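Visitor: For reference, the structure I am asking about is given below.
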Amino acid sequence: MSESPESIKQSVREHYTQVAESSAGFPQPAAQASERCGCGPDSAACCGATYDAEELSLLPAEAVASGQGCGNPTALAGLQPGEVVLDLGSGGGLDVLLASRRVGPEGFVYGLDTTPAMIELARRNAARAGATNVEFRAGDLEDIPLLDGAVDVIVSNCVVNLTPDKGRALKEAFRVLRPGGRLAISDIVIDPDLEDLPFGAEEIRRSLDWAGCAAGALTSSQVRSALDEAGFREIGLHVEYRMTPEELPRQTSDLAAALGEEGLRQVAGRFTGTSITARRPG
């Protein structure tokens, strides 16, 4: 039986509460942070996050340690001074703080997260960083607490996959973007799909961890369709890397036992860290 949307959300909150508490208690040195990426707890070796080491050195260690992303959406977005930005799933505030430096004092950055412990951590990190042009709000990606056309840019780092209704989340993102505004997301995408593999696609998904982004991943064609249906145009997807079996966030070892070494390698390679860009017509 598949999990209910609320049980998925609760599982995600519990996982990221643990991440927040661990990050606050055991901060990781910024020099190591460029090696950490991916939503899963065992994804430290994947190479999707390409943060600048000098930029990271200027941020609180707790913000860097809490990063669980699979790319660098603030760089992907090409942020400009004075822009208003929304980070969907802001976690401990890493991408919000990076964005706040890029948009400058005349710009502003909102961080949205569903996990209270992460919001508390992010607010502490913002205070430590002296960032005055940021605000962290509690909320759901499927019901964003901002007015229509409130922001110029939306970024997100391996979080959209964590929401059960990704179509609704993207429609909400479209709503809060101003006409002409743009979307820049780093996330896990299945490319091309799992249908031609000699295993059951649904069985594979059920063995994966929702909190690790993989179980909720869409295929590249599904991502394009969801963005198009939400109203976005100028849609672009670029695969940055493909997972190895060690990086694939699995709930149990059953998948490896069922597929064997070569089968697991084939499955893992379909899960990609992908840069996703789109624009609201304006």
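Chains: A, B, ... in order of the structure tokens. Residues: from 1 per chain. Ligands: from 1, in order shown.
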Could you give me, as JSON lines, a per-residue list for segment 95-196 of chain A showing, wherever an atom lies at most 10 Å from an atom of segment 239-247 of chain A, the closest pair of atoms and their distance in Å to one decimal, using only C-alpha atoms and sorting by chain then residue number from low to high?
Guide:
```
{"residue": "A:Ser186", "atom": "CA", "partner": "A:Glu240", "partner_atom": "CA", "distance": 9.3}
{"residue": "A:Asp187", "atom": "CA", "partner": "A:Val239", "partner_atom": "CA", "distance": 9.8}
{"residue": "A:Ile188", "atom": "CA", "partner": "A:Arg242", "partner_atom": "CA", "distance": 9.3}
{"residue": "A:Val189", "atom": "CA", "partner": "A:Val239", "partner_atom": "CA", "distance": 8.4}
{"residue": "A:Ile190", "atom": "CA", "partner": "A:Arg242", "partner_atom": "CA", "distance": 9.4}
{"residue": "A:Asp191", "atom": "CA", "partner": "A:Val239", "partner_atom": "CA", "distance": 8.4}
```
Visitor: Residues within 10 Å of Glu3 of chain A, please, as a ChimeraX atom specification. Count only C-alpha atoms; anything in the same chain fewer than 4 positions from it doesn't count.
Guide: /A:7-9,164,206,210
Visitor: Within 7 Å of Gly104 of chain A, counting only C-alpha atoms, which residues qualify if same-chain residues fewer than 4 places away don't, as a compact mmCIF listing (two decimals) with C-alpha atoms, in the first residue's frame?
Guide:
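Contents of the output file around.txt:
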```txt
# COMPACT_ATOMS: atom_id res chain seq x y z
CA PRO A 81 21.17 42.98 -7.11
CA GLY A 82 17.74 44.16 -6.02
CA SER A 100 21.06 37.39 0.18
```
Visitor: Figure out the distance between atom CA of Ala268 of chain A and atom CA of Leu56 of chain A, please, to one decimal in Å.
Guide: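 Computed distance, atom CA of Leu56 of chain A to atom CA of Ala268 of chain A, equals 29.4 Å.
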Visitor: Report as a PyMOL selection string all protein, DNA and RNA residues lying within 9 Å of Ile235 of chain A, evaluated on only C-alpha atoms, omitting residues in the same chain fewer than 5 positions from it.
Guide: chain A and resi 224+227-228+276-279
Visitor: Go ahead and save the picked residues with N, CA and C atoms, as a tab-separated table (two decimals), in the first residue's frame.
Guide:
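What landed in result_21.tsv:
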```tsv
chain	number	residue	atom	x	y	z
A	224	ARG	N	8.95	18.10	-17.39
A	224	ARG	CA	8.60	19.05	-18.45
A	224	ARG	C	7.08	19.24	-18.53
A	227	LEU	N	5.76	21.29	-15.50
A	227	LEU	CA	6.10	22.71	-15.64
A	227	LEU	C	5.22	23.37	-16.70
A	228	ASP	N	5.03	22.69	-17.81
A	228	ASP	CA	4.20	23.22	-18.89
A	228	ASP	C	2.75	23.39	-18.43
A	276	ILE	N	17.15	22.47	-13.40
A	276	ILE	CA	15.87	22.73	-14.04
A	276	ILE	C	15.62	24.23	-14.07
A	277	THR	N	15.40	24.79	-15.24
A	277	THR	CA	15.12	26.22	-15.35
A	277	THR	C	13.83	26.42	-16.15
A	278	ALA	N	13.12	27.49	-15.83
A	278	ALA	CA	11.89	27.82	-16.55
A	278	ALA	C	11.55	29.28	-16.24
A	279	ARG	N	10.61	29.80	-17.00
A	279	ARG	CA	10.22	31.21	-16.83
A	279	ARG	C	8.71	31.35	-16.92
```
Visitor: From the set A:Leu147, A:Ala169, A:Val176, A:Val155, which residue has the shortest atom-to-atom contact distance to Gly78 of chain A, counting only C-alpha atoms?
Guide: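 Using only C-alpha atoms, Gly78 of chain A sits closest to A:Val155.
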Visitor: So which bits of segment 9-246 of chain A end up strand (DSSP E) when you DSSP the backbone, as a PyMOL selection string?
Guide: chain A and resi 84-88+108-113+134-138+151-157+177-190+218-219+233-242
Visitor: Any chance you could export the current selection's C-alpha atoms as a JSON list (two decimals), in the first residue's frame?
Guide:
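Written file, part34.json:
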```
[["chain", "number", "residue", "atom", "x", "y", "z"],
["A", 84, "VAL", "CA", 13.30, 39.35, -4.55],
["A", 85, "VAL", "CA", 13.94, 35.62, -4.17],
["A", 86, "LEU", "CA", 12.06, 32.67, -2.66],
["A", 87, "ASP", "CA", 13.87, 29.48, -1.63],
["A", 88, "LEU", "CA", 11.48, 26.51, -1.51],
["A", 108, "PHE", "CA", 15.26, 40.41, -0.32],
["A", 109, "VAL", "CA", 15.13, 36.63, 0.16],
["A", 110, "TYR", "CA", 12.34, 34.50, 1.64],
["A", 111, "GLY", "CA", 13.00, 31.01, 2.93],
["A", 112, "LEU", "CA", 10.09, 28.56, 3.14],
["A", 113, "ASP", "CA", 10.29, 25.32, 5.10],
["A", 134, "VAL", "CA", 16.02, 37.65, 4.73],
["A", 135, "GLU", "CA", 12.88, 36.16, 6.27],
["A", 136, "PHE", "CA", 12.09, 32.52, 7.05],
["A", 137, "ARG", "CA", 8.47, 31.38, 6.96],
["A", 138, "ALA", "CA", 6.80, 28.14, 7.92],
["A", 151, "VAL", "CA", 8.96, 37.39, -6.11],
["A", 152, "ASP", "CA", 11.29, 37.72, -9.09],
["A", 153, "VAL", "CA", 13.07, 34.38, -8.73],
["A", 154, "ILE", "CA", 12.37, 30.98, -7.14],
["A", 155, "VAL", "CA", 15.20, 28.62, -6.24],
["A", 156, "SER", "CA", 15.06, 25.18, -4.65],
["A", 157, "ASN", "CA", 17.68, 22.58, -3.82],
["A", 177, "LEU", "CA", 6.32, 34.61, -9.45],
["A", 178, "ARG", "CA", 5.85, 37.95, -11.12],
["A", 179, "PRO", "CA", 5.29, 37.92, -14.91],
["A", 180, "GLY", "CA", 8.67, 37.36, -16.48],
["A", 181, "GLY", "CA", 10.01, 35.80, -13.28],
["A", 182, "ARG", "CA", 12.18, 32.70, -13.40],
["A", 183, "LEU", "CA", 12.58, 29.35, -11.69],
["A", 184, "ALA", "CA", 15.93, 27.63, -10.96],
["A", 185, "ILE", "CA", 15.80, 24.21, -9.29],
["A", 186, "SER", "CA", 18.36, 21.53, -8.54],
["A", 187, "ASP", "CA", 16.65, 18.19, -7.98],
["A", 188, "ILE", "CA", 16.74, 14.45, -8.56],
["A", 189, "VAL", "CA", 15.17, 13.48, -11.90],
["A", 190, "ILE", "CA", 14.79, 10.02, -13.45],
["A", 218, "LEU", "CA", 9.71, 12.39, -11.62],
["A", 219, "THR", "CA", 11.04, 11.40, -15.01],
["A", 233, "ARG", "CA", 7.82, 28.36, -20.64],
["A", 234, "GLU", "CA", 11.48, 28.32, -21.72],
["A", 235, "ILE", "CA", 11.83, 25.02, -19.85],
["A", 236, "GLY", "CA", 15.31, 23.56, -19.67],
["A", 237, "LEU", "CA", 16.71, 20.41, -18.03],
["A", 238, "HIS", "CA", 20.42, 19.63, -17.80],
["A", 239, "VAL", "CA", 21.77, 16.46, -16.21],
["A", 240, "GLU", "CA", 24.69, 17.34, -13.95],
["A", 241, "TYR", "CA", 25.54, 13.83, -12.72],
["A", 242, "ARG", "CA", 24.18, 10.29, -12.40]]
```
Visitor: Please, what distance in Å, to one decimal, runs between atom CA of Glu261 of chain A and atom CA of Ser275 of chain A?
Guide: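 These atoms are spaced 28.1 Å apart.
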Visitor: Which one is closest to Leu76 of chain A: A:Ser220, A:Thr50, A:Ser225, A:Thr114? Count only C-alpha atoms.
Guide: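 Comparing A:Ser220, A:Thr50, A:Ser225, A:Thr114 against Leu76 of chain A, the winner is A:Thr50.
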Visitor: To one decimal place in Å, what is the distance between atom CA of Gly67 of chain A and atom CA of Leu141 of chain A?
Guide: 18.5 Å
Visitor: What are the closest atom pairs, with distances in Å to one decimal, for all residues of segment 55-157 of chain A lying within 9 Å of segment 11-15 of chain A? Consider only C-alpha atoms, order rows by chain and residue number, and present the result as JSON lines.
Guide:
```
{"residue": "A:Thr114", "atom": "CA", "partner": "A:Arg13", "partner_atom": "CA", "distance": 6.9}
{"residue": "A:Thr115", "atom": "CA", "partner": "A:Arg13", "partner_atom": "CA", "distance": 5.3}
{"residue": "A:Pro116", "atom": "CA", "partner": "A:Arg13", "partner_atom": "CA", "distance": 8.4}
{"residue": "A:Ala117", "atom": "CA", "partner": "A:Arg13", "partner_atom": "CA", "distance": 9.0}
```
Visitor: For each of A:Gly107, A:Gly167, A:Gly200, A:Gly231, take the minimum atom-to-atom distance to Ala258 of chain A, counting only C-alpha atoms, then give the residue where this is smallest.
Guide: A:Gly200
Visitor: Which of segment 137-273 of chain A counts as helix (DSSP H, G or I) under DSSP, as a PyMOL selection string please?
Guide: chain A and resi 160-162+166-176+201-206+210-212+220-230+254-270
Visitor: With N, CA and C atoms kept, could you save the residues just selected as a short mmCIF file (atom, residue, chain, number, x, y, z; two decimals), in the first residue's frame?
Guide:
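out09.cif, freshly written:
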```cif
data_model
loop_
_atom_site.label_atom_id
_atom_site.label_comp_id
_atom_site.auth_asym_id
_atom_site.auth_seq_id
_atom_site.Cartn_x
_atom_site.Cartn_y
_atom_site.Cartn_z
N VAL A 160 11.67 19.93 -4.08
CA VAL A 160 10.39 19.76 -4.75
C VAL A 160 10.00 18.28 -4.79
N ASN A 161 10.99 17.39 -4.93
CA ASN A 161 10.69 15.96 -4.94
C ASN A 161 10.11 15.45 -3.63
N LEU A 162 10.31 16.20 -2.56
CA LEU A 162 9.85 15.75 -1.25
C LEU A 162 8.36 16.00 -1.03
N LYS A 166 3.61 17.35 -6.63
CA LYS A 166 4.57 18.26 -7.27
C LYS A 166 3.88 19.18 -8.29
N GLY A 167 2.81 18.70 -8.92
CA GLY A 167 2.09 19.56 -9.85
C GLY A 167 1.52 20.78 -9.15
N ARG A 168 0.91 20.56 -7.99
CA ARG A 168 0.36 21.68 -7.23
C ARG A 168 1.47 22.61 -6.74
N ALA A 169 2.59 22.04 -6.31
CA ALA A 169 3.70 22.87 -5.85
C ALA A 169 4.22 23.77 -6.96
N LEU A 170 4.32 23.25 -8.18
CA LEU A 170 4.80 24.06 -9.29
C LEU A 170 3.78 25.12 -9.70
N LYS A 171 2.50 24.81 -9.58
CA LYS A 171 1.47 25.82 -9.86
C LYS A 171 1.53 26.94 -8.83
N GLU A 172 1.81 26.59 -7.57
CA GLU A 172 1.98 27.61 -6.53
C GLU A 172 3.21 28.46 -6.82
N ALA A 173 4.29 27.82 -7.27
CA ALA A 173 5.50 28.57 -7.62
C ALA A 173 5.20 29.56 -8.75
N PHE A 174 4.44 29.11 -9.74
CA PHE A 174 4.05 29.98 -10.85
C PHE A 174 3.24 31.16 -10.34
N ARG A 175 2.33 30.89 -9.41
CA ARG A 175 1.45 31.95 -8.89
C ARG A 175 2.24 33.07 -8.21
N VAL A 176 3.23 32.72 -7.40
CA VAL A 176 3.92 33.75 -6.61
C VAL A 176 5.03 34.43 -7.39
N ALA A 201 9.11 -0.99 -12.01
CA ALA A 201 9.36 0.40 -11.65
C ALA A 201 8.76 0.75 -10.29
N GLU A 202 7.53 0.29 -10.03
CA GLU A 202 6.89 0.62 -8.76
C GLU A 202 7.58 -0.07 -7.60
N GLU A 203 8.04 -1.29 -7.81
CA GLU A 203 8.78 -1.98 -6.75
C GLU A 203 10.06 -1.24 -6.42
N ILE A 204 10.72 -0.72 -7.44
CA ILE A 204 11.94 0.06 -7.22
C ILE A 204 11.63 1.30 -6.41
N ARG A 205 10.58 2.03 -6.79
CA ARG A 205 10.22 3.25 -6.07
C ARG A 205 9.88 2.96 -4.60
N ARG A 206 9.16 1.87 -4.36
CA ARG A 206 8.75 1.57 -2.99
C ARG A 206 9.93 1.22 -2.10
N TRP A 210 11.75 8.32 0.69
CA TRP A 210 11.16 9.61 0.31
C TRP A 210 12.03 10.78 0.78
N ALA A 211 12.57 10.68 1.98
CA ALA A 211 13.39 11.79 2.51
C ALA A 211 14.68 11.95 1.74
N GLY A 212 15.04 10.96 0.94
CA GLY A 212 16.24 11.05 0.12
C GLY A 212 15.96 11.51 -1.30
N SER A 220 12.21 12.85 -16.55
CA SER A 220 12.46 14.13 -17.22
C SER A 220 11.24 14.58 -18.02
N SER A 221 10.56 13.65 -18.67
CA SER A 221 9.37 14.04 -19.43
C SER A 221 8.24 14.48 -18.51
N GLN A 222 8.12 13.86 -17.34
CA GLN A 222 7.09 14.27 -16.38
C GLN A 222 7.38 15.66 -15.82
N VAL A 223 8.65 15.96 -15.59
CA VAL A 223 9.02 17.30 -15.11
C VAL A 223 8.62 18.35 -16.14
N ARG A 224 8.95 18.10 -17.39
CA ARG A 224 8.60 19.05 -18.45
C ARG A 224 7.08 19.24 -18.53
N SER A 225 6.34 18.15 -18.45
CA SER A 225 4.88 18.21 -18.55
C SER A 225 4.29 18.99 -17.38
N ALA A 226 4.81 18.73 -16.16
CA ALA A 226 4.30 19.42 -14.97
C ALA A 226 4.58 20.92 -15.04
N LEU A 227 5.76 21.29 -15.50
CA LEU A 227 6.10 22.71 -15.64
C LEU A 227 5.22 23.37 -16.70
N ASP A 228 5.03 22.69 -17.81
CA ASP A 228 4.20 23.22 -18.89
C ASP A 228 2.75 23.39 -18.43
N GLU A 229 2.23 22.39 -17.72
CA GLU A 229 0.86 22.46 -17.23
C GLU A 229 0.68 23.60 -16.22
N ALA A 230 1.74 23.88 -15.44
CA ALA A 230 1.67 24.98 -14.47
C ALA A 230 1.69 26.34 -15.15
N ASP A 254 16.97 -4.71 0.39
CA ASP A 254 16.21 -5.64 -0.45
C ASP A 254 16.43 -5.37 -1.93
N LEU A 255 16.54 -4.09 -2.31
CA LEU A 255 16.69 -3.73 -3.71
C LEU A 255 17.98 -4.31 -4.28
N ALA A 256 19.07 -4.18 -3.55
CA ALA A 256 20.35 -4.72 -4.01
C ALA A 256 20.29 -6.23 -4.13
N ALA A 257 19.64 -6.87 -3.17
CA ALA A 257 19.53 -8.33 -3.20
C ALA A 257 18.71 -8.80 -4.39
N ALA A 258 17.66 -8.04 -4.72
CA ALA A 258 16.78 -8.45 -5.82
C ALA A 258 17.39 -8.19 -7.18
N LEU A 259 18.14 -7.10 -7.31
CA LEU A 259 18.64 -6.69 -8.62
C LEU A 259 20.03 -7.22 -8.95
N GLY A 260 20.83 -7.45 -7.92
CA GLY A 260 22.21 -7.82 -8.17
C GLY A 260 23.04 -6.57 -8.45
N GLU A 261 24.35 -6.74 -8.50
CA GLU A 261 25.25 -5.59 -8.66
C GLU A 261 25.02 -4.84 -9.95
N GLU A 262 24.90 -5.53 -11.07
CA GLU A 262 24.73 -4.86 -12.35
C GLU A 262 23.35 -4.22 -12.45
N GLY A 263 22.33 -4.90 -11.99
CA GLY A 263 20.99 -4.33 -12.02
C GLY A 263 20.88 -3.07 -11.18
N LEU A 264 21.49 -3.09 -10.01
CA LEU A 264 21.46 -1.91 -9.15
C LEU A 264 22.21 -0.75 -9.79
N ARG A 265 23.30 -1.04 -10.47
CA ARG A 265 24.05 0.01 -11.16
C ARG A 265 23.20 0.65 -12.26
N GLN A 266 22.45 -0.18 -12.99
CA GLN A 266 21.58 0.36 -14.05
C GLN A 266 20.50 1.26 -13.46
N VAL A 267 19.89 0.81 -12.38
CA VAL A 267 18.84 1.60 -11.75
C VAL A 267 19.39 2.91 -11.22
N ALA A 268 20.49 2.86 -10.48
CA ALA A 268 21.05 4.07 -9.89
C ALA A 268 21.39 5.10 -10.95
N GLY A 269 21.90 4.65 -12.10
CA GLY A 269 22.30 5.57 -13.15
C GLY A 269 21.15 6.33 -13.77
N ARG A 270 19.93 5.86 -13.56
CA ARG A 270 18.77 6.59 -14.08
C ARG A 270 18.39 7.77 -13.17
#
```
Visitor: Compile the contact shell of segment 121-125 of chain A as an NGL selection string: residues with an atom at most 10 Å away, counting only C-alpha atoms, same-chain residues fewer than 3 positions apart removed.
Guide: :A and (20-21 or 23-24 or 59-64 or 66 or 90-94 or 96-97 or 111 or 113 or 116-118 or 128-131 or 134-137)
